[in-house]
>>> print(open('input_17.csv').read())   # CSV, C-alpha atoms
chain,number,residue,atom,x,y,z
Z,1,MET,CA,4.5,-25.5,56.1
Z,2,ALA,CA,1.4,-23.6,54.8
Z,3,ASN,CA,1.9,-23.0,51.1
Z,4,THR,CA,0.3,-20.2,49.2
Z,5,PRO,CA,-2.3,-21.7,47.0
Z,6,VAL,CA,-1.3,-20.9,43.4
Z,7,ILE,CA,-4.1,-21.8,41.0
Z,8,GLY,CA,-2.9,-24.5,38.7
Z,9,VAL,CA,0.1,-25.6,40.8
Z,10,ARG,CA,-0.3,-29.1,42.1
Z,11,GLU,CA,-0.2,-29.1,45.9
Z,12,GLN,CA,2.5,-31.8,46.0
Z,13,ASP,CA,4.6,-29.9,43.4
Z,14,LEU,CA,4.5,-26.7,45.5
Z,15,SER,CA,5.2,-28.6,48.7
Z,16,ASP,CA,8.2,-30.4,47.3
Z,17,LEU,CA,9.5,-27.2,45.7
Z,18,CYS,CA,9.3,-25.2,48.9
Z,19,ARG,CA,11.0,-28.1,50.8
Z,20,HIS,CA,13.9,-28.0,48.4
Z,21,LEU,CA,14.2,-24.2,48.5
Z,22,ILE,CA,14.2,-24.3,52.3
Z,23,GLU,CA,16.8,-27.1,52.5
Z,24,TYR,CA,19.2,-25.9,49.8
Z,25,SER,CA,18.6,-22.3,48.9
Z,26,LEU,CA,17.3,-20.4,52.0
Z,27,ARG,CA,19.9,-18.6,54.2
Z,28,THR,CA,18.8,-17.0,57.5
Z,29,ASP,CA,22.3,-16.0,58.8
Z,30,GLY,CA,22.1,-12.4,57.5
Z,31,PRO,CA,22.1,-9.6,57.3
Z,32,PHE,CA,22.3,-9.6,53.5
Z,33,LEU,CA,22.4,-6.7,51.1
Z,34,LEU,CA,20.0,-7.4,48.2
Z,35,ARG,CA,20.4,-6.3,44.6
Z,36,SER,CA,17.7,-3.7,45.3
Z,37,GLY,CA,19.8,-2.1,48.0
Z,38,ILE,CA,17.5,-3.4,50.7
Z,39,GLU,CA,19.1,-5.2,53.7
Z,40,SER,CA,17.4,-8.4,54.9
Z,41,ASP,CA,17.9,-11.0,57.6
Z,42,TRP,CA,17.3,-13.8,55.0
Z,43,TYR,CA,18.5,-14.5,51.5
Z,44,LEU,CA,17.3,-17.0,48.9
Z,45,ASP,CA,20.1,-18.3,46.7
Z,46,ALA,CA,17.7,-19.8,44.3
Z,47,ARG,CA,20.5,-21.1,42.1
Z,48,GLN,CA,21.1,-23.8,44.7
Z,49,THR,CA,17.8,-25.2,43.6
Z,50,THR,CA,17.6,-24.2,39.9
Z,51,PHE,CA,21.0,-25.5,39.1
Z,52,ASP,CA,20.4,-28.8,41.0
Z,53,GLY,CA,19.0,-31.7,38.9
Z,54,ALA,CA,16.2,-32.6,41.3
Z,55,GLY,CA,15.5,-28.9,42.2
Z,56,ALA,CA,15.5,-27.9,38.5
Z,57,ARG,CA,12.8,-30.5,37.8
Z,58,LEU,CA,10.7,-29.3,40.8
Z,59,VAL,CA,10.9,-25.7,39.5
Z,60,ALA,CA,10.1,-26.8,35.9
Z,61,GLU,CA,7.0,-28.8,37.1
Z,62,ALA,CA,5.7,-25.8,39.0
Z,63,VAL,CA,6.2,-23.5,36.1
Z,64,LEU,CA,4.5,-25.9,33.7
Z,65,ASP,CA,1.6,-26.2,36.1
Z,66,VAL,CA,0.8,-22.5,35.6
Z,67,LEU,CA,2.0,-22.0,32.0
Z,68,GLU,CA,-0.7,-20.5,29.8
Z,69,SER,CA,-1.6,-22.1,26.5
Z,70,GLY,CA,0.0,-20.3,23.6
Z,71,VAL,CA,3.4,-20.1,25.3
Z,72,GLN,CA,6.0,-21.3,22.8
Z,73,ALA,CA,9.1,-20.3,24.7
Z,74,VAL,CA,10.2,-19.4,28.2
Z,75,GLY,CA,13.1,-17.3,29.3
Z,76,GLY,CA,14.1,-14.1,31.0
Z,77,MET,CA,17.0,-12.1,32.3
Z,78,THR,CA,20.3,-14.0,32.4
Z,79,MET,CA,21.5,-15.6,34.8
Z,80,GLY,CA,18.6,-16.1,37.1
Z,81,ALA,CA,16.0,-17.2,34.5
Z,82,ASP,CA,18.4,-19.3,32.4
Z,83,PRO,CA,18.3,-22.6,34.3
Z,84,ILE,CA,14.5,-22.3,34.9
Z,85,ALA,CA,13.9,-21.7,31.2
Z,86,VAL,CA,16.1,-24.7,30.1
Z,87,SER,CA,14.6,-27.1,32.6
Z,88,THR,CA,11.1,-26.0,31.8
Z,89,ALA,CA,11.6,-26.5,28.1
Z,90,VAL,CA,13.1,-30.0,28.7
Z,91,VAL,CA,10.4,-31.1,31.1
Z,92,GLY,CA,7.8,-29.5,28.9
Z,93,VAL,CA,9.0,-31.6,25.9
Z,94,GLU,CA,8.7,-34.7,28.2
Z,95,ARG,CA,5.1,-33.7,28.8
Z,96,GLY,CA,4.5,-33.5,25.1
Z,97,LEU,CA,4.8,-29.7,24.8
Z,98,ASP,CA,6.8,-28.0,22.1
Z,99,LEU,CA,8.7,-25.5,24.2
Z,100,ARG,CA,11.9,-23.6,23.6
Z,101,ALA,CA,14.1,-21.4,25.8
Z,102,PHE,CA,15.6,-18.0,25.5
Z,103,SER,CA,17.8,-15.6,27.5
Z,104,ILE,CA,18.0,-11.8,27.8
Z,105,ARG,CA,21.4,-10.4,28.3
Z,106,LYS,CA,21.9,-7.6,30.8
Z,107,GLN,CA,23.4,-5.4,28.1
Z,108,GLU,CA,23.6,-5.5,24.3
Z,109,LYS,CA,26.5,-7.3,22.7
Z,110,ASP,CA,28.4,-5.6,20.0
Z,111,HIS,CA,29.7,-8.7,18.2
Z,112,GLY,CA,28.3,-12.0,16.9
Z,113,VAL,CA,24.5,-11.9,16.6
Z,114,ARG,CA,24.5,-8.7,18.8
Z,115,GLY,CA,21.5,-7.6,20.8
Z,116,ARG,CA,20.2,-8.7,24.1
Z,117,LEU,CA,17.9,-11.5,23.1
Z,118,VAL,CA,19.4,-15.0,22.5
Z,119,GLY,CA,17.9,-18.4,22.0
Z,120,ALA,CA,15.3,-20.2,20.1
Z,121,VAL,CA,12.7,-17.4,19.6
Z,122,ALA,CA,11.5,-15.1,16.8
Z,123,PRO,CA,9.3,-12.0,16.6
Z,124,GLY,CA,5.6,-13.0,17.1
Z,125,ASP,CA,6.4,-16.0,19.4
Z,126,GLY,CA,4.3,-16.2,22.5
Z,127,VAL,CA,6.5,-16.3,25.6
Z,128,ALA,CA,6.5,-16.5,29.3
Z,129,VAL,CA,9.1,-14.3,31.0
Z,130,LEU,CA,10.7,-15.9,34.1
Z,131,GLU,CA,12.6,-14.7,37.1
Z,132,ASP,CA,14.1,-16.7,40.0
Z,133,THR,CA,13.7,-14.2,42.9
Z,134,THR,CA,12.2,-10.8,42.7
Z,135,THR,CA,12.5,-8.1,45.4
Z,136,THR,CA,11.2,-5.1,43.5
Z,137,GLY,CA,10.0,-6.5,40.2
Z,138,ALA,CA,12.4,-4.2,38.3
Z,139,ALA,CA,14.5,-6.9,36.6
Z,140,LEU,CA,11.4,-8.9,35.7
Z,141,ALA,CA,9.8,-5.7,34.2
Z,142,GLU,CA,12.9,-4.9,32.3
Z,143,ALA,CA,12.9,-8.5,30.8
Z,144,VAL,CA,9.3,-8.0,29.8
Z,145,ASP,CA,10.1,-4.7,28.2
Z,146,VAL,CA,13.0,-6.2,26.2
Z,147,ALA,CA,11.0,-9.1,25.1
Z,148,ILE,CA,8.2,-6.9,23.9
Z,149,GLY,CA,10.7,-4.6,22.2
Z,150,GLN,CA,12.1,-7.5,20.3
Z,151,GLY,CA,8.6,-8.4,19.0
Z,152,LEU,CA,7.8,-11.3,21.3
Z,153,VAL,CA,4.3,-11.6,22.6
Z,154,VAL,CA,4.5,-11.8,26.3
Z,155,ILE,CA,1.7,-14.0,27.5
Z,156,GLN,CA,2.6,-14.1,31.1
Z,157,ALA,CA,5.4,-13.4,33.7
Z,158,ILE,CA,6.3,-16.0,36.3
Z,159,ALA,CA,8.5,-15.5,39.4
Z,160,LEU,CA,9.8,-18.5,41.3
Z,161,VAL,CA,10.0,-16.5,44.5
Z,162,ASP,CA,8.4,-13.1,45.0
Z,163,ARG,CA,9.6,-11.2,48.1
Z,164,SER,CA,8.3,-7.9,46.7
Z,165,GLY,CA,5.0,-7.7,48.4
Z,166,ALA,CA,2.8,-6.4,45.6
Z,167,ALA,CA,5.5,-4.4,43.8
Z,168,ALA,CA,6.3,-6.9,41.1
Z,169,ALA,CA,2.7,-7.6,40.4
Z,170,ARG,CA,2.0,-3.9,40.0
Z,171,LEU,CA,4.9,-3.4,37.6
Z,172,ILE,CA,4.0,-6.3,35.4
Z,173,ALA,CA,0.3,-5.3,35.5
Z,174,GLU,CA,1.3,-1.9,34.2
Z,175,ARG,CA,2.6,-3.7,31.1
Z,176,GLY,CA,-0.7,-5.5,30.6
Z,177,VAL,CA,0.9,-8.9,31.4
Z,178,PRO,CA,-0.6,-11.5,33.7
Z,179,TYR,CA,1.7,-12.3,36.6
Z,180,VAL,CA,2.1,-15.5,38.7
Z,181,ALA,CA,4.3,-15.8,41.8
Z,182,LEU,CA,4.9,-19.5,42.7
Z,183,VAL,CA,6.4,-19.0,46.2
Z,184,ARG,CA,6.2,-16.2,48.7
Z,185,PRO,CA,8.3,-15.7,51.9
Z,186,LYS,CA,5.7,-17.1,54.2
Z,187,ASP,CA,5.8,-20.4,52.2
Z,188,LEU,CA,9.5,-20.6,53.2
Z,189,GLY,CA,8.8,-19.8,56.8
Z,190,VAL,CA,10.3,-16.3,56.7
Z,191,THR,CA,8.9,-12.8,56.9
Z,192,GLU,CA,10.1,-9.4,55.5
>>> encode(input="input_17.csv", output="structure tokens")
Amino acid sequence: MANTPVIGVREQDLSDLCRHLIEYSLRTDGPFLLRSGIESDWYLDARQTTFDGAGARLVAEAVLDVLESGVQAVGGMTMGADPIAVSTAVVGVERGLDLRAFSIRKQEKDHGVRGRLVGAVAPGDGVAVLEDTTTTGAALAEAVDVAIGQGLVVIQAIALVDRSGAAAARLIAERGVPYVALVRPKDLGVTE
């Protein structure tokens, strides 16, 4: 398996992560209709990795390998980013980092604390916005917009798997935010 070199990610971390994704998350028995409306012969159910104890640790290690200094909290659009954010915060603390997690709801809540942003963050905090799998970059861009709108300082955006070609990178760059994709389809042995 030829992994995409991602600056900062330890080669062994990336190799182990791709192996877990291939074994537990990758489905090639399509066709599958993706959230974007695109039909594909393959599907990545990343939650089979991000909600698995060993898989969650592998994801967290890879995220931490590329995390910029100044990031105080990690999170993104619920549900895909939630397990990544929590595992990254936990493993980060094990590495001596003071990290917190947050989540962005798909729509504003009208009761309780209201709003779309929940978790251990406050305006002015430096954050990394996370996504499990991106096909167009739209959900990741929306999460960045919400975070910025709530006063968070978005230091970077990180996708576990980017199957968007260059679309996600373009959308995130338009917002002035550095973008990192940890895994691409070729790392999983599939093509668009």
>>> residues_near_point(input="input_17.csv", point="(22.0, -21.9, 39.9)", cutoff="12 Å", atoms="all atoms listed in the file", output="number ranges by chain")
Z: 21, 24-25, 44-53, 55-56, 59, 78-87, 132-133
>>> residues_around(input="input_17.csv", residues="segment 123-128 of chain Z", least_positions_apart="5", cutoff="10 Å", atoms="only C-alpha atoms", output="ChimeraX atom specification")
/Z:63,67-76,85,99-102,144,147-158,177-179
>>> atom_distance(input="input_17.csv", atom1="atom CA of Ala173 of chain Z", atom2="atom CA of Thr191 of chain Z")
24.3 Å
>>> closest_residue(input="input_17.csv", among="Z:Ala120, Z:Arg19, Z:Glu174, Z:Val129", to="Asp98 of chain Z", atoms="all atoms listed in the file")
Z:Ala120
>>> closest_residue(input="input_17.csv", among="Z:Ser103, Z:Val180, Z:Thr28, Z:Val121", to="Leu64 of chain Z", atoms="all atoms listed in the file")
Z:Val180
>>> atom_distance(input="input_17.csv", atom1="atom CA of Arg27 of chain Z", atom2="atom CA of Val161 of chain Z")
14.0 Å
>>> atom_distance(input="input_17.csv", atom1="atom CA of Ala143 of chain Z", atom2="atom CA of Met77 of chain Z")
5.7 Å
>>> residues_around(input="input_17.csv", residues="segment 10-17 of chain Z", least_positions_apart="2", cutoff="7 Å", atoms="all atoms listed in the file", output="PyMOL selection string")
chain Z and resi 3+8+19-21+58-59+61-62+65
>>> closest_residue(input="input_17.csv", among="Z:Ala167, Z:Leu33, Z:Val190, Z:Val66", to="Leu130 of chain Z", atoms="only C-alpha atoms")
Z:Val66
>>> closest_residue(input="input_17.csv", among="Z:Ala159, Z:Arg184, Z:Ala139, Z:Ala169", to="Arg35 of chain Z", atoms="all atoms listed in the file")
Z:Ala139
>>> residues_near_point(input="input_17.csv", point="(17.2, -9.3, 43.4)", cutoff="6 Å", atoms="all atoms listed in the file", output="list in words")
Leu34, Arg35, Ser36, Thr134 and Thr135 of chain Z
>>> closest_residue(input="input_17.csv", among="Z:Ile172, Z:Val91, Z:Asp187, Z:Ile104", to="Ala54 of chain Z", atoms="only C-alpha atoms")
Z:Val91
>>> decode(input="input_17.csv", residues="segment 62-83 of chain Z", atoms="C-alpha atoms", output="PDB file, in the first residue's frame")
ATOM      1  CA  ALA Z  62      -2.583  10.833  13.026  1.00  0.00           C
ATOM      2  CA  VAL Z  63      -4.513  14.024  13.846  1.00  0.00           C
ATOM      3  CA  LEU Z  64      -2.086  14.874  16.638  1.00  0.00           C
ATOM      4  CA  ASP Z  65       0.851  14.323  14.273  1.00  0.00           C
ATOM      5  CA  VAL Z  66      -0.374  17.232  12.088  1.00  0.00           C
ATOM      6  CA  LEU Z  67      -2.001  19.445  14.730  1.00  0.00           C
ATOM      7  CA  GLU Z  68      -0.712  23.011  14.626  1.00  0.00           C
ATOM      8  CA  SER Z  69       0.588  24.687  17.757  1.00  0.00           C
ATOM      9  CA  GLY Z  70      -1.940  27.043  19.261  1.00  0.00           C
ATOM     10  CA  VAL Z  71      -4.832  24.603  18.846  1.00  0.00           C
ATOM     11  CA  GLN Z  72      -6.692  24.434  22.150  1.00  0.00           C
ATOM     12  CA  ALA Z  73      -9.719  22.436  21.017  1.00  0.00           C
ATOM     13  CA  VAL Z  74     -10.744  20.100  18.214  1.00  0.00           C
ATOM     14  CA  GLY Z  75     -14.177  19.409  16.802  1.00  0.00           C
ATOM     15  CA  GLY Z  76     -16.517  19.727  13.893  1.00  0.00           C
ATOM     16  CA  MET Z  77     -19.892  18.821  12.515  1.00  0.00           C
ATOM     17  CA  THR Z  78     -21.736  16.232  14.558  1.00  0.00           C
ATOM     18  CA  MET Z  79     -21.735  13.159  14.108  1.00  0.00           C
ATOM     19  CA  GLY Z  80     -18.698  12.493  11.936  1.00  0.00           C
ATOM     20  CA  ALA Z  81     -16.262  14.701  13.824  1.00  0.00           C
ATOM     21  CA  ASP Z  82     -17.430  13.817  17.356  1.00  0.00           C
ATOM     22  CA  PRO Z  83     -15.498  10.576  17.957  1.00  0.00           C
TER      23      PRO Z  83
END
